[in-house]
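Each remark here refers to the structure printed beneath this line.
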Amino acid sequence: MDELERQFNRAMTAIYETAKRELGYNATRFLQMLSERGGVATARQLLWSDTPSDGFTTLWTHGRLDLTVEAHVLLAEYESLFSEEDRQKARERLERYR
């Protein structure tokens with residue numbers, strides 16, 4: 001795993017910590033996925049799911065789409081970790097829920 005992937009993993013863990021602290025949302029399944037698969041694989045799995053995750057829906061209802069995996073996939077600093085198709089999927093989901 002290279003440094004950029006480790007940085008993305010830390011960003012994914014920060015999503016969990018911020019959601020728990022600010023929203024009282026304890027995304028234990030998300031944390032488990034990160035531990036088992038790592039941030040990039042977890043992000044891809046969530047992106048390519050037919051329906052948004054419970055975490056996405058919870059963040060949306062709290063007006064915090066900035067904390068979603070989708071928003072992080074689109075950050076310029078992580079662009080090289082994801083395909084254009086991954087990034088398009090993230091864009092489409094965010095646009096659908098804005």
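Chains: A, B, ... in order of the structure tokens. Residues: from 1 per chain. Ligands: from 1, in order shown.
Residues with any atom within 10 Å of stretch 85-87 of chain A, counting only C-alpha atoms and excluding same-chain neighbours fewer than 5 positions away, are Ala43, Arg44, Leu47, Trp48, Glu70, Ala71, His72, Val73, Leu74, Leu75, Glu79 and Glu92 of chain A.
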Keeping only all heavy atoms, write those residues as an mmCIF file, in the first residue's frame.
```
data_model
loop_
_atom_site.group_PDB
_atom_site.id
_atom_site.type_symbol
_atom_site.label_atom_id
_atom_site.label_comp_id
_atom_site.auth_asym_id
_atom_site.auth_seq_id
_atom_site.Cartn_x
_atom_site.Cartn_y
_atom_site.Cartn_z
ATOM 1 N N ALA A 43 -14.437 1.884 -0.577
ATOM 2 C CA ALA A 43 -15.069 2.947 -1.366
ATOM 3 C C ALA A 43 -15.653 2.382 -2.655
ATOM 4 O O ALA A 43 -16.794 2.684 -3.005
ATOM 5 C CB ALA A 43 -14.056 4.046 -1.664
ATOM 6 N N ARG A 44 -14.895 1.555 -3.337
ATOM 7 C CA ARG A 44 -15.398 0.977 -4.595
ATOM 8 C C ARG A 44 -16.632 0.108 -4.354
ATOM 9 O O ARG A 44 -17.589 0.153 -5.120
ATOM 10 C CB ARG A 44 -14.307 0.176 -5.286
ATOM 11 C CG ARG A 44 -13.281 1.051 -5.944
ATOM 12 C CD ARG A 44 -12.395 0.262 -6.901
ATOM 13 N NE ARG A 44 -11.379 1.143 -7.444
ATOM 14 C CZ ARG A 44 -10.075 1.047 -7.180
ATOM 15 N NH1 ARG A 44 -9.623 0.078 -6.413
ATOM 16 N NH2 ARG A 44 -9.226 1.895 -7.708
ATOM 17 N N LEU A 47 -19.510 2.466 -3.716
ATOM 18 C CA LEU A 47 -19.864 3.205 -4.934
ATOM 19 C C LEU A 47 -20.696 2.369 -5.894
ATOM 20 O O LEU A 47 -21.645 2.872 -6.494
ATOM 21 C CB LEU A 47 -18.597 3.634 -5.686
ATOM 22 C CG LEU A 47 -17.837 4.826 -5.200
ATOM 23 C CD1 LEU A 47 -16.545 4.974 -5.996
ATOM 24 C CD2 LEU A 47 -18.671 6.078 -5.289
ATOM 25 N N TRP A 48 -20.317 1.126 -6.055
ATOM 26 C CA TRP A 48 -20.931 0.280 -7.078
ATOM 27 C C TRP A 48 -22.132 -0.511 -6.573
ATOM 28 O O TRP A 48 -22.714 -1.306 -7.313
ATOM 29 C CB TRP A 48 -19.881 -0.611 -7.728
ATOM 30 C CG TRP A 48 -18.985 0.243 -8.583
ATOM 31 C CD1 TRP A 48 -17.759 0.737 -8.255
ATOM 32 C CD2 TRP A 48 -19.290 0.767 -9.874
ATOM 33 N NE1 TRP A 48 -17.277 1.535 -9.264
ATOM 34 C CE2 TRP A 48 -18.194 1.562 -10.274
ATOM 35 C CE3 TRP A 48 -20.382 0.633 -10.731
ATOM 36 C CZ2 TRP A 48 -18.166 2.229 -11.505
ATOM 37 C CZ3 TRP A 48 -20.349 1.295 -11.957
ATOM 38 C CH2 TRP A 48 -19.248 2.079 -12.329
ATOM 39 N N GLU A 70 -18.428 9.097 -1.340
ATOM 40 C CA GLU A 70 -18.544 9.651 -2.689
ATOM 41 C C GLU A 70 -17.849 11.005 -2.795
ATOM 42 O O GLU A 70 -17.125 11.265 -3.764
ATOM 43 C CB GLU A 70 -20.027 9.779 -3.079
ATOM 44 C CG GLU A 70 -20.715 8.464 -3.351
ATOM 45 C CD GLU A 70 -21.142 7.677 -2.104
ATOM 46 O OE1 GLU A 70 -20.885 8.132 -0.960
ATOM 47 O OE2 GLU A 70 -21.726 6.599 -2.269
ATOM 48 N N ALA A 71 -18.056 11.865 -1.813
ATOM 49 C CA ALA A 71 -17.419 13.185 -1.827
ATOM 50 C C ALA A 71 -15.900 13.059 -1.759
ATOM 51 O O ALA A 71 -15.171 13.800 -2.431
ATOM 52 C CB ALA A 71 -17.943 14.036 -0.669
ATOM 53 N N HIS A 72 -15.419 12.113 -0.984
ATOM 54 C CA HIS A 72 -13.978 11.933 -0.852
ATOM 55 C C HIS A 72 -13.347 11.348 -2.123
ATOM 56 O O HIS A 72 -12.228 11.704 -2.483
ATOM 57 C CB HIS A 72 -13.661 11.067 0.370
ATOM 58 C CG HIS A 72 -13.760 11.825 1.641
ATOM 59 N ND1 HIS A 72 -14.956 12.265 2.167
ATOM 60 C CD2 HIS A 72 -12.801 12.260 2.483
ATOM 61 C CE1 HIS A 72 -14.730 12.924 3.282
ATOM 62 N NE2 HIS A 72 -13.423 12.940 3.500
ATOM 63 N N VAL A 73 -14.068 10.469 -2.792
ATOM 64 C CA VAL A 73 -13.574 9.902 -4.051
ATOM 65 C C VAL A 73 -13.345 11.018 -5.075
ATOM 66 O O VAL A 73 -12.432 10.934 -5.900
ATOM 67 C CB VAL A 73 -14.567 8.842 -4.591
ATOM 68 C CG1 VAL A 73 -14.291 8.489 -6.044
ATOM 69 C CG2 VAL A 73 -14.523 7.594 -3.714
ATOM 70 N N LEU A 74 -14.128 12.068 -4.992
ATOM 71 C CA LEU A 74 -14.029 13.161 -5.966
ATOM 72 C C LEU A 74 -12.988 14.217 -5.613
ATOM 73 O O LEU A 74 -12.720 15.115 -6.422
ATOM 74 C CB LEU A 74 -15.405 13.826 -6.133
ATOM 75 C CG LEU A 74 -16.466 12.932 -6.764
ATOM 76 C CD1 LEU A 74 -17.813 13.632 -6.778
ATOM 77 C CD2 LEU A 74 -16.052 12.510 -8.165
ATOM 78 N N LEU A 75 -12.381 14.127 -4.445
ATOM 79 C CA LEU A 75 -11.345 15.094 -4.085
ATOM 80 C C LEU A 75 -10.138 14.922 -5.006
ATOM 81 O O LEU A 75 -9.698 13.802 -5.268
ATOM 82 C CB LEU A 75 -10.930 14.917 -2.627
ATOM 83 C CG LEU A 75 -11.989 15.276 -1.579
ATOM 84 C CD1 LEU A 75 -11.498 14.904 -0.185
ATOM 85 C CD2 LEU A 75 -12.339 16.760 -1.654
ATOM 86 N N GLU A 79 -7.627 11.522 -6.815
ATOM 87 C CA GLU A 79 -8.044 11.207 -8.181
ATOM 88 C C GLU A 79 -7.322 9.983 -8.749
ATOM 89 O O GLU A 79 -7.935 9.138 -9.399
ATOM 90 C CB GLU A 79 -7.800 12.413 -9.087
ATOM 91 C CG GLU A 79 -8.251 12.200 -10.504
ATOM 92 C CD GLU A 79 -8.125 13.449 -11.357
ATOM 93 O OE1 GLU A 79 -7.662 14.482 -10.861
ATOM 94 O OE2 GLU A 79 -8.511 13.366 -12.527
ATOM 95 N N GLU A 92 -22.633 11.049 -9.895
ATOM 96 C CA GLU A 92 -24.056 10.791 -10.158
ATOM 97 C C GLU A 92 -24.840 10.621 -8.856
ATOM 98 O O GLU A 92 -25.941 11.152 -8.732
ATOM 99 C CB GLU A 92 -24.216 9.552 -11.037
ATOM 100 C CG GLU A 92 -23.776 9.775 -12.464
ATOM 101 C CD GLU A 92 -23.694 8.491 -13.280
ATOM 102 O OE1 GLU A 92 -24.003 7.396 -12.730
ATOM 103 O OE2 GLU A 92 -23.306 8.565 -14.458
#
```
Per-residue DSSP, chain A, filtered to alpha helix (DSSP H), as a PDB file with C-alpha atoms, in the first residue's frame:
```pdb
ATOM      1  CA  GLU A   3       1.325   6.605   0.966  1.00  0.00           C
ATOM      2  CA  LEU A   4      -1.674   7.980  -0.936  1.00  0.00           C
ATOM      3  CA  GLU A   5      -3.708   4.861  -0.098  1.00  0.00           C
ATOM      4  CA  ARG A   6      -2.724   5.203   3.561  1.00  0.00           C
ATOM      5  CA  GLN A   7      -3.789   8.846   3.441  1.00  0.00           C
ATOM      6  CA  PHE A   8      -7.150   7.818   1.949  1.00  0.00           C
ATOM      7  CA  ASN A   9      -7.562   5.179   4.680  1.00  0.00           C
ATOM      8  CA  ARG A  10      -6.995   7.875   7.299  1.00  0.00           C
ATOM      9  CA  ALA A  11      -9.580  10.090   5.578  1.00  0.00           C
ATOM     10  CA  MET A  12     -12.104   7.237   5.636  1.00  0.00           C
ATOM     11  CA  THR A  13     -11.467   6.681   9.340  1.00  0.00           C
ATOM     12  CA  ALA A  14     -11.948  10.409   9.880  1.00  0.00           C
ATOM     13  CA  ILE A  15     -15.391  10.138   8.232  1.00  0.00           C
ATOM     14  CA  TYR A  16     -16.333   7.533  10.824  1.00  0.00           C
ATOM     15  CA  GLU A  17     -14.963   9.587  13.728  1.00  0.00           C
ATOM     16  CA  THR A  18     -16.603  12.844  12.603  1.00  0.00           C
ATOM     17  CA  THR A  28     -19.539   0.085  12.935  1.00  0.00           C
ATOM     18  CA  ARG A  29     -20.067  -1.851   9.685  1.00  0.00           C
ATOM     19  CA  PHE A  30     -18.182   0.849   7.755  1.00  0.00           C
ATOM     20  CA  LEU A  31     -15.316   0.687  10.237  1.00  0.00           C
ATOM     21  CA  GLN A  32     -15.249  -3.110   9.918  1.00  0.00           C
ATOM     22  CA  MET A  33     -15.122  -2.857   6.115  1.00  0.00           C
ATOM     23  CA  LEU A  34     -12.207  -0.418   6.349  1.00  0.00           C
ATOM     24  CA  SER A  35     -10.355  -2.775   8.660  1.00  0.00           C
ATOM     25  CA  GLU A  36     -10.929  -5.808   6.441  1.00  0.00           C
ATOM     26  CA  ARG A  37     -10.583  -4.306   2.958  1.00  0.00           C
ATOM     27  CA  GLY A  39     -10.292   2.428   2.175  1.00  0.00           C
ATOM     28  CA  VAL A  40     -10.040   2.128  -1.598  1.00  0.00           C
ATOM     29  CA  ALA A  41     -11.711  -1.287  -1.834  1.00  0.00           C
ATOM     30  CA  THR A  42     -14.403  -0.201   0.646  1.00  0.00           C
ATOM     31  CA  ALA A  43     -15.069   2.947  -1.366  1.00  0.00           C
ATOM     32  CA  ARG A  44     -15.398   0.977  -4.595  1.00  0.00           C
ATOM     33  CA  GLN A  45     -17.766  -1.528  -3.011  1.00  0.00           C
ATOM     34  CA  LEU A  46     -19.988   1.246  -1.672  1.00  0.00           C
ATOM     35  CA  LEU A  47     -19.864   3.205  -4.934  1.00  0.00           C
ATOM     36  CA  ASP A  54     -27.224   3.303   5.220  1.00  0.00           C
ATOM     37  CA  GLY A  55     -24.305   5.572   6.068  1.00  0.00           C
ATOM     38  CA  PHE A  56     -24.814   7.656   2.927  1.00  0.00           C
ATOM     39  CA  THR A  57     -28.514   7.974   3.701  1.00  0.00           C
ATOM     40  CA  THR A  58     -27.814   8.967   7.304  1.00  0.00           C
ATOM     41  CA  LEU A  59     -25.291  11.590   6.242  1.00  0.00           C
ATOM     42  CA  TRP A  60     -27.736  12.893   3.619  1.00  0.00           C
ATOM     43  CA  THR A  61     -30.550  13.262   6.167  1.00  0.00           C
ATOM     44  CA  VAL A  69     -17.245   8.285   0.615  1.00  0.00           C
ATOM     45  CA  GLU A  70     -18.544   9.651  -2.689  1.00  0.00           C
ATOM     46  CA  ALA A  71     -17.419  13.185  -1.827  1.00  0.00           C
ATOM     47  CA  HIS A  72     -13.978  11.933  -0.852  1.00  0.00           C
ATOM     48  CA  VAL A  73     -13.574   9.902  -4.051  1.00  0.00           C
ATOM     49  CA  GLU A  84     -13.046   7.820 -14.214  1.00  0.00           C
ATOM     50  CA  GLU A  85     -15.974   5.371 -13.989  1.00  0.00           C
ATOM     51  CA  ASP A  86     -15.656   5.285 -10.192  1.00  0.00           C
ATOM     52  CA  ARG A  87     -15.577   9.071 -10.071  1.00  0.00           C
ATOM     53  CA  GLN A  88     -18.572   9.350 -12.416  1.00  0.00           C
ATOM     54  CA  LYS A  89     -20.566   6.969 -10.219  1.00  0.00           C
ATOM     55  CA  ALA A  90     -19.736   9.129  -7.176  1.00  0.00           C
ATOM     56  CA  ARG A  91     -20.752  12.308  -9.045  1.00  0.00           C
ATOM     57  CA  GLU A  92     -24.056  10.791 -10.158  1.00  0.00           C
ATOM     58  CA  ARG A  93     -25.000   9.655  -6.653  1.00  0.00           C
ATOM     59  CA  LEU A  94     -24.171  13.021  -5.118  1.00  0.00           C
ATOM     60  CA  GLU A  95     -26.091  14.898  -7.825  1.00  0.00           C
ATOM     61  CA  ARG A  96     -29.105  12.651  -7.291  1.00  0.00           C
ATOM     62  CA  TYR A  97     -29.208  13.511  -3.584  1.00  0.00           C
TER      63      TYR A  97
END
```
Task: Atom pair atom CA of A:Glu22 / atom CA of A:Ser49: separation (Å) - done: 26.1 Å
TODO: Could you check how far atom CA of A:Tyr78 sits from atom CA of A:Arg64, in Å to one decimal?
DONE: 19.7 Å
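Nearest residue to A:Leu23, choosing from A:Asp50, A:Gly38, A:His62, A:Asp2 and counting only C-alpha atoms: A:His62.
Going from atom CA of A:Ala76 over to atom CA of A:Arg98, you cover 20.0 Å.
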